[in-house]
file final-v5.tsv (TSV, C-alpha atoms and all ligand atoms)
chain	number	residue	atom	x	y	z
A	988	MET	CA	17.77	16.25	28.30
A	989	ARG	CA	16.19	12.89	29.10
A	990	VAL	CA	12.47	12.67	28.41
A	991	LEU	CA	10.18	9.93	29.69
A	992	GLY	CA	7.47	9.39	27.04
A	993	ILE	CA	4.11	7.78	27.78
A	994	GLU	CA	1.66	6.52	25.14
A	995	SER	CA	-1.81	5.05	25.73
A	996	SER	CA	-3.98	6.46	22.92
A	997	CYS	CA	-5.35	3.15	21.65
A	998	ASP	CA	-4.50	-0.46	22.47
A	999	ASP	CA	-0.78	-0.27	23.29
A	1000	THR	CA	0.58	0.86	26.66
A	1001	ALA	CA	4.05	2.22	26.04
A	1002	ALA	CA	6.82	4.07	27.85
A	1003	ALA	CA	10.30	5.08	26.71
A	1004	VAL	CA	13.29	7.13	27.76
A	1005	VAL	CA	14.81	9.27	24.99
A	1006	ASP	CA	18.00	11.29	25.24
A	1007	ASN	CA	18.08	14.69	23.50
A	1008	GLY	CA	15.13	13.77	21.28
A	1009	ARG	CA	17.37	11.52	19.19
A	1010	HIS	CA	18.48	8.45	21.10
A	1011	ALA	CA	16.03	5.94	22.51
A	1012	LEU	CA	17.57	4.50	25.68
A	1013	SER	CA	14.56	2.22	26.05
A	1014	SER	CA	11.19	1.62	24.41
A	1015	VAL	CA	8.70	-0.72	26.05
A	1016	VAL	CA	5.37	-1.57	24.40
A	1017	ALA	CA	2.75	-3.73	26.12
A	1018	SER	CA	0.31	-4.86	23.47
A	1019	GLN	CA	-3.29	-5.61	24.39
A	1020	PHE	CA	-3.51	-8.03	21.48
A	1021	GLU	CA	-4.83	-10.88	23.63
A	1022	VAL	CA	-7.51	-8.69	25.23
A	1023	HIS	CA	-9.09	-7.65	21.93
A	1024	GLU	CA	-8.25	-10.56	19.64
A	1025	ARG	CA	-11.46	-12.46	20.16
A	1026	TYR	CA	-13.55	-9.37	19.32
A	1027	GLY	CA	-11.68	-8.72	16.05
A	1028	GLY	CA	-11.07	-5.09	16.99
A	1029	VAL	CA	-10.34	-2.77	19.91
A	1030	VAL	CA	-13.01	-2.59	22.66
A	1031	PRO	CA	-12.54	0.90	24.22
A	1032	GLU	CA	-13.65	0.02	27.77
A	1033	LEU	CA	-11.38	-3.01	27.91
A	1034	ALA	CA	-8.52	-0.93	26.47
A	1035	SER	CA	-8.65	1.69	29.22
A	1036	ARG	CA	-8.94	-0.92	31.98
A	1037	SER	CA	-5.95	-2.72	30.57
A	1038	HIS	CA	-3.90	0.51	30.41
A	1039	ILE	CA	-4.60	1.14	34.10
A	1040	THR	CA	-3.44	-2.35	35.01
A	1041	VAL	CA	-0.07	-2.19	33.26
A	1042	VAL	CA	0.94	1.48	32.91
A	1043	LEU	CA	3.09	1.67	36.06
A	1044	SER	CA	4.97	-1.56	35.37
A	1045	VAL	CA	5.56	-0.48	31.75
A	1046	ILE	CA	7.08	2.79	33.01
A	1047	ASP	CA	9.21	0.91	35.56
A	1048	GLU	CA	10.46	-1.39	32.83
A	1049	ALA	CA	11.30	1.53	30.51
A	1050	LEU	CA	13.32	3.16	33.31
A	1051	ARG	CA	15.02	-0.13	34.14
A	1052	GLN	CA	16.00	-0.83	30.52
A	1053	ALA	CA	17.38	2.72	30.27
A	1054	ARG	CA	19.42	1.93	33.42
A	1055	THR	CA	17.93	4.85	35.28
A	1056	ASP	CA	15.12	5.86	37.62
A	1057	LEU	CA	12.95	8.96	37.95
A	1058	ASP	CA	15.94	10.90	39.32
A	1059	GLY	CA	17.53	10.49	35.90
A	1060	VAL	CA	14.51	11.91	34.04
A	1061	ASP	CA	14.41	15.63	33.17
A	1062	ALA	CA	10.88	15.92	31.75
A	1063	LEU	CA	7.76	14.00	30.72
A	1064	ALA	CA	5.88	13.86	27.43
A	1065	VAL	CA	2.50	12.20	27.07
A	1066	THR	CA	0.11	11.61	24.16
A	1067	HIS	CA	-3.06	13.59	24.91
A	1068	GLY	CA	-4.87	13.04	21.59
A	1069	PRO	CA	-6.20	12.00	19.17
A	1070	GLY	CA	-7.37	8.57	20.32
A	1071	LEU	CA	-9.83	6.79	22.59
A	1072	VAL	CA	-10.62	9.20	25.39
A	1073	GLY	CA	-10.69	6.58	28.16
A	1074	SER	CA	-7.33	5.24	27.01
A	1075	LEU	CA	-5.73	8.67	26.63
A	1076	LEU	CA	-6.81	9.65	30.14
A	1077	VAL	CA	-4.77	6.86	31.71
A	1078	GLY	CA	-1.52	8.14	30.19
A	1079	VAL	CA	-2.37	11.79	30.81
A	1080	GLN	CA	-3.28	11.31	34.49
A	1081	THR	CA	-0.24	9.11	35.11
A	1082	ALA	CA	2.10	11.65	33.50
A	1083	LYS	CA	0.53	14.53	35.42
A	1084	ALA	CA	0.85	12.64	38.72
A	1085	ILE	CA	4.54	11.86	38.16
A	1086	ALA	CA	5.30	15.40	36.96
A	1087	PHE	CA	3.52	16.92	39.98
A	1088	ALA	CA	5.08	14.54	42.51
A	1089	ARG	CA	8.61	14.99	41.14
A	1090	GLY	CA	8.37	18.65	40.13
A	1091	LEU	CA	9.22	17.81	36.51
A	1092	PRO	CA	8.23	19.72	33.37
A	1093	LEU	CA	5.45	18.09	31.33
A	1094	VAL	CA	4.30	18.49	27.76
A	1095	GLY	CA	1.30	17.08	25.88
A	1096	VAL	CA	1.98	15.53	22.48
A	1097	ASN	CA	-0.27	14.98	19.48
A	1098	HIS	CA	-0.15	11.28	18.58
A	1099	LEU	CA	0.15	12.06	14.85
A	1100	GLU	CA	3.04	14.45	15.41
A	1101	ALA	CA	4.65	11.71	17.50
A	1102	HIS	CA	4.42	9.29	14.54
A	1103	LEU	CA	6.26	11.75	12.35
A	1104	TYR	CA	9.00	12.16	14.97
A	1105	ALA	CA	9.87	8.44	14.71
A	1106	ILE	CA	12.15	9.47	11.84
A	1107	PHE	CA	14.24	11.67	14.18
A	1108	LEU	CA	15.21	8.57	16.17
A	1109	GLY	CA	17.01	7.15	13.12
A	1110	ASP	CA	20.49	7.74	11.77
A	1111	GLU	CA	19.54	10.16	9.00
A	1112	PRO	CA	16.87	12.57	10.21
A	1113	PRO	CA	15.49	14.83	7.46
A	1114	ASP	CA	15.86	18.59	7.35
A	1115	PHE	CA	12.65	20.59	7.31
A	1116	PRO	CA	10.64	21.19	5.16
A	1117	PHE	CA	9.33	17.81	4.03
A	1118	VAL	CA	6.12	16.04	3.10
A	1119	VAL	CA	4.96	13.33	5.48
A	1120	LEU	CA	2.64	10.48	4.57
A	1121	LEU	CA	1.07	9.35	7.81
A	1122	ALA	CA	-0.79	6.06	7.40
A	1123	SER	CA	-2.02	4.24	10.48
A	1124	GLY	CA	-5.06	2.33	11.69
A	1125	GLY	CA	-6.94	5.47	12.69
A	1126	HIS	CA	-5.57	8.09	10.26
A	1127	THR	CA	-4.27	8.57	6.76
A	1128	CYS	CA	-3.09	11.98	5.67
A	1129	LEU	CA	-0.45	13.93	3.79
A	1130	CYS	CA	1.03	16.94	5.57
A	1131	HIS	CA	3.60	19.55	4.67
A	1132	ALA	CA	5.97	19.80	7.64
A	1133	ARG	CA	7.36	23.31	7.11
A	1134	ALA	CA	9.21	23.63	10.43
A	1135	PRO	CA	9.08	21.85	13.80
A	1136	GLY	CA	5.50	22.25	15.03
A	1137	THR	CA	4.29	23.92	11.81
A	1138	TYR	CA	2.25	21.55	9.67
A	1139	ALA	CA	-0.20	22.11	6.83
A	1140	LEU	CA	-2.72	19.45	5.90
A	1141	LEU	CA	-2.51	18.62	2.19
A	1142	GLY	CA	-5.01	15.77	2.10
A	1143	GLU	CA	-6.63	13.12	4.26
A	1144	THR	CA	-8.88	10.12	4.03
A	1145	LEU	CA	-12.53	10.87	3.44
A	1146	ASP	CA	-13.58	7.58	5.05
A	1147	ASP	CA	-11.45	4.62	6.21
A	1148	ALA	CA	-7.73	4.83	7.02
A	1149	ALA	CA	-5.28	2.69	5.03
A	1150	GLY	CA	-4.55	0.47	8.04
A	1151	GLU	CA	-8.29	0.14	8.68
A	1152	ALA	CA	-8.75	-1.17	5.12
A	1153	PHE	CA	-6.20	-3.89	5.88
A	1154	ASP	CA	-7.74	-4.63	9.28
A	1155	LYS	CA	-11.29	-4.94	7.89
A	1156	ALA	CA	-10.24	-7.08	4.93
A	1157	ALA	CA	-8.23	-9.36	7.24
A	1158	LYS	CA	-11.27	-9.76	9.47
A	1159	MET	CA	-13.40	-10.81	6.48
A	1160	LEU	CA	-10.72	-13.34	5.52
A	1161	GLY	CA	-10.49	-14.69	9.07
A	1162	LEU	CA	-6.85	-13.54	9.38
A	1163	PRO	CA	-5.59	-12.36	12.78
A	1164	TYR	CA	-5.47	-8.74	14.00
A	1165	PRO	CA	-3.63	-6.45	13.27
A	1166	GLY	CA	-4.68	-7.04	9.69
A	1167	GLY	CA	-1.84	-5.17	8.00
A	1168	VAL	CA	0.72	-7.61	9.33
A	1169	SER	CA	-1.39	-10.66	8.35
A	1170	ILE	CA	-2.08	-9.30	4.88
A	1171	GLU	CA	1.57	-8.46	4.24
A	1172	ARG	CA	2.57	-11.96	5.32
A	1173	ALA	CA	-0.06	-13.71	3.18
A	1174	ALA	CA	0.71	-11.42	0.21
A	1175	GLN	CA	4.28	-12.70	-0.04
A	1176	ALA	CA	3.10	-15.84	-1.81
A	1177	GLY	CA	0.52	-14.05	-3.96
A	1178	ASP	CA	0.28	-12.34	-7.35
A	1179	PRO	CA	-0.42	-8.58	-7.01
A	1180	ASN	CA	-2.06	-8.59	-10.46
A	1181	ALA	CA	-4.38	-11.52	-9.79
A	1182	LEU	CA	-7.38	-9.35	-8.89
A	1183	ARG	CA	-8.10	-5.79	-9.92
A	1184	PHE	CA	-9.20	-3.84	-6.85
A	1185	PRO	CA	-10.38	-0.22	-7.27
A	1186	ARG	CA	-7.90	2.63	-6.88
A	1187	ALA	CA	-10.10	5.40	-5.54
A	1188	LEU	CA	-8.51	8.70	-6.45
A	1189	PRO	CA	-11.12	11.28	-5.50
A	1190	ARG	CA	-10.84	14.22	-7.95
A	1191	ARG	CA	-7.67	14.21	-10.02
A	1192	ASP	CA	-6.21	17.31	-8.37
A	1193	SER	CA	-7.15	16.29	-4.81
A	1194	LEU	CA	-4.73	14.85	-2.28
A	1195	ASP	CA	-7.55	13.20	-0.32
A	1196	PHE	CA	-7.90	9.43	-0.02
A	1197	SER	CA	-10.81	7.01	0.07
A	1198	PHE	CA	-10.34	3.40	1.12
A	1199	SER	CA	-13.88	2.32	2.04
A	1200	GLY	CA	-14.55	1.00	-1.49
A	1201	LEU	CA	-11.90	-1.66	-0.97
A	1202	LYS	CA	-13.85	-3.19	1.88
A	1203	THR	CA	-16.91	-3.50	-0.37
A	1204	ALA	CA	-14.80	-4.91	-3.21
A	1205	VAL	CA	-13.38	-7.59	-0.89
A	1206	ARG	CA	-16.85	-8.39	0.44
A	1207	LEU	CA	-18.25	-8.70	-3.09
A	1208	HIS	CA	-15.37	-10.92	-4.12
A	1209	LEU	CA	-15.98	-13.23	-1.18
A	1210	ALA	CA	-19.78	-13.29	-1.49
A	1211	GLY	CA	-21.14	-16.63	-2.61
A	1212	ARG	CA	-17.75	-18.35	-2.52
A	1213	GLY	CA	-16.87	-21.01	-0.02
A	1214	PRO	CA	-13.79	-20.61	2.16
A	1215	LEU	CA	-10.80	-19.57	0.03
A	1216	GLY	CA	-7.77	-21.80	-0.42
A	1217	LYS	CA	-4.31	-20.68	0.64
A	1218	ALA	CA	-3.28	-19.61	-2.88
A	1219	GLU	CA	-6.50	-17.62	-3.38
A	1220	ILE	CA	-5.99	-15.83	-0.05
A	1221	ALA	CA	-2.40	-15.02	-1.04
A	1222	ASP	CA	-3.53	-13.55	-4.39
A	1223	LEU	CA	-6.30	-11.53	-2.76
A	1224	CYS	CA	-3.92	-10.12	-0.12
A	1225	ALA	CA	-1.22	-9.29	-2.68
A	1226	SER	CA	-3.76	-7.55	-4.94
A	1227	LEU	CA	-5.31	-5.63	-2.06
A	1228	GLN	CA	-1.92	-4.54	-0.74
A	1229	GLU	CA	-0.95	-3.38	-4.24
A	1230	ALA	CA	-4.14	-1.30	-4.57
A	1231	VAL	CA	-3.54	0.45	-1.21
A	1232	VAL	CA	0.17	1.00	-1.91
A	1233	ASP	CA	-0.56	2.31	-5.43
A	1234	VAL	CA	-2.85	5.02	-4.12
A	1235	LEU	CA	-0.54	5.99	-1.23
A	1236	VAL	CA	2.45	6.30	-3.57
A	1237	ARG	CA	0.62	8.19	-6.33
A	1238	LYS	CA	-0.81	10.78	-3.93
A	1239	SER	CA	2.51	11.16	-2.11
A	1240	VAL	CA	4.33	11.89	-5.39
A	1241	ARG	CA	1.65	14.45	-6.23
A	1242	ALA	CA	2.06	16.07	-2.79
A	1243	VAL	CA	5.84	16.30	-3.19
A	1244	HIS	CA	5.44	17.99	-6.58
A	1245	ARG	CA	2.77	20.36	-5.37
A	1246	THR	CA	4.89	21.59	-2.44
A	1247	ALA	CA	8.17	21.43	-4.38
A	1248	ALA	CA	9.51	19.42	-1.42
A	1249	GLN	CA	12.72	17.45	-1.80
A	1250	ARG	CA	12.01	14.97	0.96
A	1251	LEU	CA	9.23	12.61	1.90
A	1252	VAL	CA	8.90	10.95	5.30
A	1253	LEU	CA	6.84	7.81	5.89
A	1254	ALA	CA	5.10	7.44	9.24
A	1255	GLY	CA	2.45	5.38	11.04
A	1256	GLY	CA	1.84	1.64	11.39
A	1257	VAL	CA	1.32	1.10	7.65
A	1258	ALA	CA	4.82	2.53	7.03
A	1259	ALA	CA	6.11	-0.81	8.36
A	1260	ASN	CA	4.80	-2.39	5.14
A	1261	GLU	CA	7.72	-3.58	3.02
A	1262	ARG	CA	5.88	-3.21	-0.30
A	1263	LEU	CA	5.00	0.42	0.52
A	1264	ARG	CA	8.59	1.15	1.58
A	1265	THR	CA	10.04	-0.35	-1.60
A	1266	ARG	CA	7.55	1.31	-3.97
A	1267	MET	CA	8.02	4.71	-2.28
A	1268	VAL	CA	11.81	4.52	-2.53
A	1269	GLU	CA	11.45	3.59	-6.24
A	1270	ALA	CA	9.09	6.54	-6.77
A	1271	GLY	CA	11.54	8.88	-5.04
A	1272	ALA	CA	14.39	7.68	-7.25
A	1273	ALA	CA	12.27	8.13	-10.40
A	1274	GLU	CA	10.86	11.53	-9.43
A	1275	GLY	CA	13.93	13.02	-7.78
A	1276	PHE	CA	13.05	13.22	-4.10
A	1277	GLN	CA	14.57	11.54	-1.07
A	1278	VAL	CA	12.50	9.05	0.93
A	1279	HIS	CA	13.10	8.74	4.69
A	1280	LEU	CA	11.97	5.48	6.29
A	1281	PRO	CA	11.67	5.07	10.07
A	1282	ALA	CA	12.76	1.78	11.65
A	1283	LYS	CA	9.85	-0.66	11.38
A	1284	ARG	CA	9.50	-1.11	15.14
A	1285	LEU	CA	9.10	2.67	15.49
A	1286	CYS	CA	6.34	2.84	12.83
A	1287	THR	CA	3.68	1.21	15.01
A	1288	ASP	CA	2.61	2.81	18.29
A	1289	ASN	CA	5.43	3.34	20.79
A	1290	ALA	CA	6.47	5.95	23.34
A	1291	ALA	CA	9.96	6.72	22.00
A	1292	MET	CA	8.33	8.76	19.22
A	1293	VAL	CA	6.22	10.54	21.87
A	1294	ALA	CA	9.32	11.45	23.87
A	1295	ALA	CA	11.08	12.66	20.69
A	1296	ALA	CA	8.16	14.89	19.69
A	1297	GLY	CA	7.86	16.06	23.30
A	1298	HIS	CA	11.55	16.94	23.40
A	1299	ALA	CA	11.10	19.31	20.44
A	1300	ARG	CA	8.19	21.02	22.19
A	1301	LEU	CA	10.03	21.25	25.52
A	1302	ALA	CA	13.08	22.68	23.76
A	1303	ARG	CA	10.83	25.45	22.40
A	1304	GLY	CA	9.78	26.25	25.94
A	1305	GLU	CA	6.36	24.64	25.84
A	1306	ARG	CA	4.99	23.43	29.19
A	1307	ALA	CA	1.69	21.84	30.17
A	1308	ASP	CA	0.12	22.32	33.60
A	1309	HIS	CA	-2.40	20.37	35.64
A	1310	ARG	CA	-5.15	21.34	33.18
A	1311	LEU	CA	-3.69	19.12	30.44
A	1312	ASN	CA	-6.56	16.95	29.25
A	1313	ALA	CA	-7.27	14.14	26.81
A	1314	VAL	CA	-8.68	15.41	23.50
A	1315	ALA	CA	-10.15	12.55	21.47
A	1316	ASN	CA	-10.21	14.45	18.16
A	1317	LEU	CA	-7.07	16.58	18.57
A	1318	ALA	CA	-6.05	17.84	15.11
A	1319	LEU	CA	-2.47	17.95	13.82
A	1320	ALA	CA	-2.88	20.52	11.09
A	1321	LEU	CA	-5.41	22.57	9.19
A	1322	ARG	CA	-5.61	23.04	5.45
B	1	LIG	O1	0.22	3.58	14.07
B	1	LIG	P1	-0.46	2.36	14.55
B	1	LIG	O2	0.34	1.38	15.36
B	1	LIG	O3	-1.73	2.69	15.38
B	1	LIG	C1	-2.58	3.78	15.07
B	1	LIG	O4	-2.23	4.92	15.45
B	1	LIG	O5	-3.59	3.50	14.40
B	1	LIG	O6	-1.02	1.65	13.24
B	1	LIG	C2	-1.70	0.43	13.30
B	1	LIG	C3	-2.14	0.07	11.89
B	1	LIG	C4	-3.08	-1.11	11.84
B	1	LIG	O7	-4.17	-0.79	11.01
B	1	LIG	C5	-2.22	-2.20	11.23
B	1	LIG	O8	-2.98	-3.13	10.46
B	1	LIG	C6	-1.28	-1.40	10.35
B	1	LIG	O9	-1.01	-0.23	11.07
B	1	LIG	N1	-0.02	-2.11	10.10
B	1	LIG	C7	0.40	-2.51	8.89
B	1	LIG	C8	1.62	-3.20	9.08
B	1	LIG	N2	1.91	-3.19	10.41
B	1	LIG	C9	0.89	-2.52	11.03
B	1	LIG	N3	-0.15	-2.35	7.67
B	1	LIG	C10	0.50	-2.86	6.63
B	1	LIG	N4	1.66	-3.57	6.72
B	1	LIG	C11	2.26	-3.75	7.92
B	1	LIG	N5	3.40	-4.42	8.01
B	2	ZN	ZN	-0.54	5.40	16.05
call {"tool": "encode", "arguments": {"input": "final-v5.tsv", "output": "structure tokens", "more": "lines below"}}
Ligand code: KG4
Ligand code: ZN
result
Amino acid sequence: MRVLGIESSCDDTAAAVVDNGRHALSSVVASQFEVHERYGGVVPELASRSHITVVLSVIDEALRQARTDLDGVDALAVTHGPGLVGSLLVGVQTAKAIAFARGLPLVGVNHLEAHLYAIFLGDEPPDFPFVVLLASGGHTCLCHARAPGTYALLGETLDDAAGEAFDKAAKMLGLPYPGGVSIERAAQAGDPNALRFPRALPRRDSLDFSFSGLKTAVRLHLAGRGPLGKAEIADLCASLQEAVVDVLVRKSVRAVHRTAAQRLVLAGGVAANERLRTRMVEAGAAEGFQVHLPAKRLCTDNAAMVAAAGHARLARGERADHRLNAVANLALALR
């Protein structure tokens, strides 16, 4: 079955064609980077306008790269939450219109579930059950994926997401958006032990996260100093990255032990971070669990992961009708 996936939950307009939930025949992502860059963050109204402008050409391009057209598509999958409601609506209405006009089955996909399905587009997909660490710009949580579509929330951030901590720190340092990429790049030349940033580990037995203290720590470090030199920026970025990675790894190990899982899957934009990937693989080797890493280009927002997650839902017989709506705070799992 060939699924056309559509993603527009935040600031990327994406479309992809995925065969049997496993093989991406195309994956096109139109970034709105230039629209939001000067504001240092995503402006919701501009995001939805931009989605409207490009969504049809992004879909055309995804079909073209997959060497097919709508006749070669068997079903549609679209992200319907969580995200910016005005942005989500563009994808949802477009998918509904195509499905209605072509008489194709349609399914709504949770954006967070889509992130975790990025791993099924790789060569070694994990067997269920597994623990997933989902770290993006809008969310950071640990879930126990017991079976396809059955997820239990183990812990989540109480304030900022891990990616948000990078984005906010980068903004304070005058580094370009998205901050995670800039911080990782600058960190390469820095010493991760140069500065001691706080590792917030709310309650020893909890699997929740807190990253908002990092923002304050960076602000306090910068207060009263003039502009930092290149070496100082590198040290700050390396130390900040180490603090975030430390917490993500420690809590993930705890989650694996608590659930007696044998596998851990990384997902979300922050999973593209090389330091996190390396440290998690090391932790898995030391603690006896396998770590599954999605391809970096599938960690950040894309529609191939949406089509893969949609394929699993379609295969279980799930169908959406014309009432499918955008749900800004759609939850993935409950505790
Ligand atoms: O999953 P995603 O593309 O969008 C959301 O659903 O939020 O994640 C974007 C987030 C941003 O906060 C960005 O700074 C972060 O992922 N990110 C990274 C890296 N690439 C993207 N963080 C750390 N290292 C990276 N290489
Ligand atoms: Zn995302």
call {"tool": "closest_residue", "arguments": {"input": "final-v5.tsv", "among": "A:Leu1075, A:Ala1313, A:Val1232, A:Leu1182", "to": "A:His1208", "atoms": "all atoms listed in the file"}}
result
A:Leu1182
call {"tool": "residues_near_point", "arguments": {"input": "final-v5.tsv", "point": "(11.9, 21.6, 18.2)", "cutoff": "10 Å", "atoms": "only C-alpha atoms", "output": "list of chain:residue names"}}
result
A:Gly1008, A:Ala1134, A:Pro1135, A:Gly1136, A:Ala1295, A:Ala1296, A:Gly1297, A:His1298, A:Ala1299, A:Arg1300, A:Leu1301, A:Ala1302, A:Arg1303, A:Gly1304, A:Glu1305
call {"tool": "write_last_selection", "arguments": {"input": "final-v5.tsv", "atoms": "C-alpha atoms", "output": "compact mmCIF listing (two decimals), in the frame of the given file"}}
result
# COMPACT_ATOMS: atom_id res chain seq x y z
CA GLY A 1008 15.13 13.77 21.28
CA ALA A 1134 9.21 23.63 10.43
CA PRO A 1135 9.08 21.85 13.80
CA GLY A 1136 5.50 22.25 15.03
CA ALA A 1295 11.08 12.66 20.69
CA ALA A 1296 8.16 14.89 19.69
CA GLY A 1297 7.86 16.06 23.30
CA HIS A 1298 11.55 16.94 23.40
CA ALA A 1299 11.10 19.31 20.44
CA ARG A 1300 8.19 21.02 22.19
CA LEU A 1301 10.03 21.25 25.52
CA ALA A 1302 13.08 22.68 23.76
CA ARG A 1303 10.83 25.45 22.40
CA GLY A 1304 9.78 26.25 25.94
CA GLU A 1305 6.36 24.64 25.84
call {"tool": "residues_around", "arguments": {"input": "final-v5.tsv", "residues": "A:Val1205", "least_positions_apart": "2", "cutoff": "10 Å", "atoms": "all atoms listed in the file", "output": "number ranges by chain"}}
result
A: 1152, 1155-1157, 1159-1160, 1184, 1200-1203, 1207-1210, 1223-1224, 1227
call {"tool": "closest_atom_pairs", "arguments": {"input": "final-v5.tsv", "of": "chain A", "to": "ligand LIG 1 (chain B)", "cutoff": "9 Å", "atoms": "all atoms listed in the file", "output": "Markdown table"}}
result
| residue | atom | partner | partner_atom | distance |
| --- | --- | --- | --- | --- |
| A:Ser996 | CA | B:LIG1 | O4 | 7.8 |
| A:Cys997 | CA | B:LIG1 | O4 | 7.2 |
| A:Asp998 | CA | B:LIG1 | O3 | 8.2 |
| A:Asp999 | CA | B:LIG1 | O2 | 8.2 |
| A:Pro1069 | CA | B:LIG1 | O4 | 8.9 |
| A:Gly1070 | CA | B:LIG1 | O4 | 8.0 |
| A:His1098 | CA | B:LIG1 | O4 | 7.4 |
| A:Leu1099 | CA | B:LIG1 | O4 | 7.6 |
| A:His1102 | CA | B:LIG1 | O1 | 7.1 |
| A:Leu1121 | CA | B:LIG1 | O1 | 8.6 |
| A:Ala1122 | CA | B:LIG1 | O1 | 7.2 |
| A:Ser1123 | CA | B:LIG1 | O6 | 3.9 |
| A:Gly1124 | CA | B:LIG1 | O5 | 3.3 |
| A:Gly1125 | CA | B:LIG1 | O5 | 4.2 |
| A:His1126 | CA | B:LIG1 | O5 | 6.5 |
| A:Ala1148 | CA | B:LIG1 | O7 | 7.8 |
| A:Ala1149 | CA | B:LIG1 | O7 | 7.0 |
| A:Gly1150 | CA | B:LIG1 | O7 | 3.2 |
| A:Glu1151 | CA | B:LIG1 | O7 | 4.8 |
| A:Ala1152 | CA | B:LIG1 | O7 | 7.5 |
| A:Phe1153 | CA | B:LIG1 | O8 | 5.6 |
| A:Asp1154 | CA | B:LIG1 | O8 | 5.1 |
| A:Lys1155 | CA | B:LIG1 | O7 | 8.8 |
| A:Ala1157 | CA | B:LIG1 | O8 | 8.8 |
| A:Tyr1164 | CA | B:LIG1 | O8 | 7.1 |
| A:Pro1165 | CA | B:LIG1 | O8 | 4.4 |
| A:Gly1166 | CA | B:LIG1 | O8 | 4.3 |
| A:Gly1167 | CA | B:LIG1 | N3 | 3.3 |
| A:Val1168 | CA | B:LIG1 | N5 | 4.4 |
| A:Ser1169 | CA | B:LIG1 | C11 | 7.8 |
| A:Ile1170 | CA | B:LIG1 | N4 | 7.1 |
| A:Glu1171 | CA | B:LIG1 | N4 | 5.5 |
| A:Arg1172 | CA | B:LIG1 | N5 | 8.0 |
| A:Gln1228 | CA | B:LIG1 | C10 | 7.9 |
| A:Ala1254 | CA | B:LIG1 | O1 | 7.9 |
| A:Gly1255 | CA | B:LIG1 | O1 | 4.2 |
| A:Gly1256 | CA | B:LIG1 | O6 | 3.4 |
| A:Val1257 | CA | B:LIG1 | N3 | 3.8 |
| A:Ala1258 | CA | B:LIG1 | C11 | 6.8 |
| A:Ala1259 | CA | B:LIG1 | N5 | 4.5 |
| A:Asn1260 | CA | B:LIG1 | N4 | 3.7 |
| A:Glu1261 | CA | B:LIG1 | N5 | 6.7 |
| A:Arg1262 | CA | B:LIG1 | N4 | 8.2 |
| A:Leu1263 | CA | B:LIG1 | N4 | 8.1 |
| A:Lys1283 | CA | B:LIG1 | N5 | 8.2 |
| A:Leu1285 | CA | B:LIG1 | O2 | 8.9 |
| A:Cys1286 | CA | B:LIG1 | O1 | 6.3 |
| A:Thr1287 | CA | B:LIG1 | O2 | 3.4 |
| A:Asp1288 | CA | B:LIG1 | O2 | 4.0 |
| A:Asn1289 | CA | B:LIG1 | O2 | 7.7 |
call {"tool": "atom_distance", "arguments": {"input": "final-v5.tsv", "atom1": "atom CA of A:Gly1109", "atom2": "atom CA of A:His1131"}}
result
20.1 Å
call {"tool": "residues_around", "arguments": {"input": "final-v5.tsv", "residues": "A:Ala1064", "least_positions_apart": "5", "cutoff": "9 Å", "atoms": "only C-alpha atoms", "output": "PyMOL selection string"}}
result
chain A and resi 990-994+1082+1092-1096+1290+1293-1298+1301
call {"tool": "write_last_selection", "arguments": {"input": "final-v5.tsv", "atoms": "C-alpha atoms", "output": "mmCIF file, keeping the file's coordinate frame"}}
result
data_model
loop_
_atom_site.group_PDB
_atom_site.id
_atom_site.type_symbol
_atom_site.label_atom_id
_atom_site.label_comp_id
_atom_site.auth_asym_id
_atom_site.auth_seq_id
_atom_site.Cartn_x
_atom_site.Cartn_y
_atom_site.Cartn_z
ATOM 1 C CA VAL A 990 12.470 12.670 28.410
ATOM 2 C CA LEU A 991 10.180 9.930 29.690
ATOM 3 C CA GLY A 992 7.470 9.390 27.040
ATOM 4 C CA ILE A 993 4.110 7.780 27.780
ATOM 5 C CA GLU A 994 1.660 6.520 25.140
ATOM 6 C CA ALA A 1082 2.100 11.650 33.500
ATOM 7 C CA PRO A 1092 8.230 19.720 33.370
ATOM 8 C CA LEU A 1093 5.450 18.090 31.330
ATOM 9 C CA VAL A 1094 4.300 18.490 27.760
ATOM 10 C CA GLY A 1095 1.300 17.080 25.880
ATOM 11 C CA VAL A 1096 1.980 15.530 22.480
ATOM 12 C CA ALA A 1290 6.470 5.950 23.340
ATOM 13 C CA VAL A 1293 6.220 10.540 21.870
ATOM 14 C CA ALA A 1294 9.320 11.450 23.870
ATOM 15 C CA ALA A 1295 11.080 12.660 20.690
ATOM 16 C CA ALA A 1296 8.160 14.890 19.690
ATOM 17 C CA GLY A 1297 7.860 16.060 23.300
ATOM 18 C CA HIS A 1298 11.550 16.940 23.400
ATOM 19 C CA LEU A 1301 10.030 21.250 25.520
#
call {"tool": "atom_distance", "arguments": {"input": "final-v5.tsv", "atom1": "atom CA of A:Ala1017", "atom2": "atom CA of A:Arg1284"}}
result
13.2 Å
call {"tool": "closest_residue", "arguments": {"input": "final-v5.tsv", "among": "A:Arg1237, A:His1309, A:Lys1083, A:Arg1009", "to": "A:Glu1269", "atoms": "all atoms listed in the file"}}
result
A:Arg1237
call {"tool": "atom_distance", "arguments": {"input": "final-v5.tsv", "atom1": "atom CA of A:Leu1162", "atom2": "atom CA of A:Ile1039"}}
result
28.8 Å
call {"tool": "closest_residue", "arguments": {"input": "final-v5.tsv", "among": "A:Ala1049, A:Pro1163, A:Pro1214, A:Arg1183", "to": "A:Glu1021", "atoms": "only C-alpha atoms"}}
result
A:Pro1163
call {"tool": "residues_around", "arguments": {"input": "final-v5.tsv", "residues": "A:Leu1033", "least_positions_apart": "2", "cutoff": "10 Å", "atoms": "only C-alpha atoms", "output": "MDAnalysis selection string"}}
result
chainID A and resid 998 1019 1022:1023 1029:1031 1035:1038 1073:1074
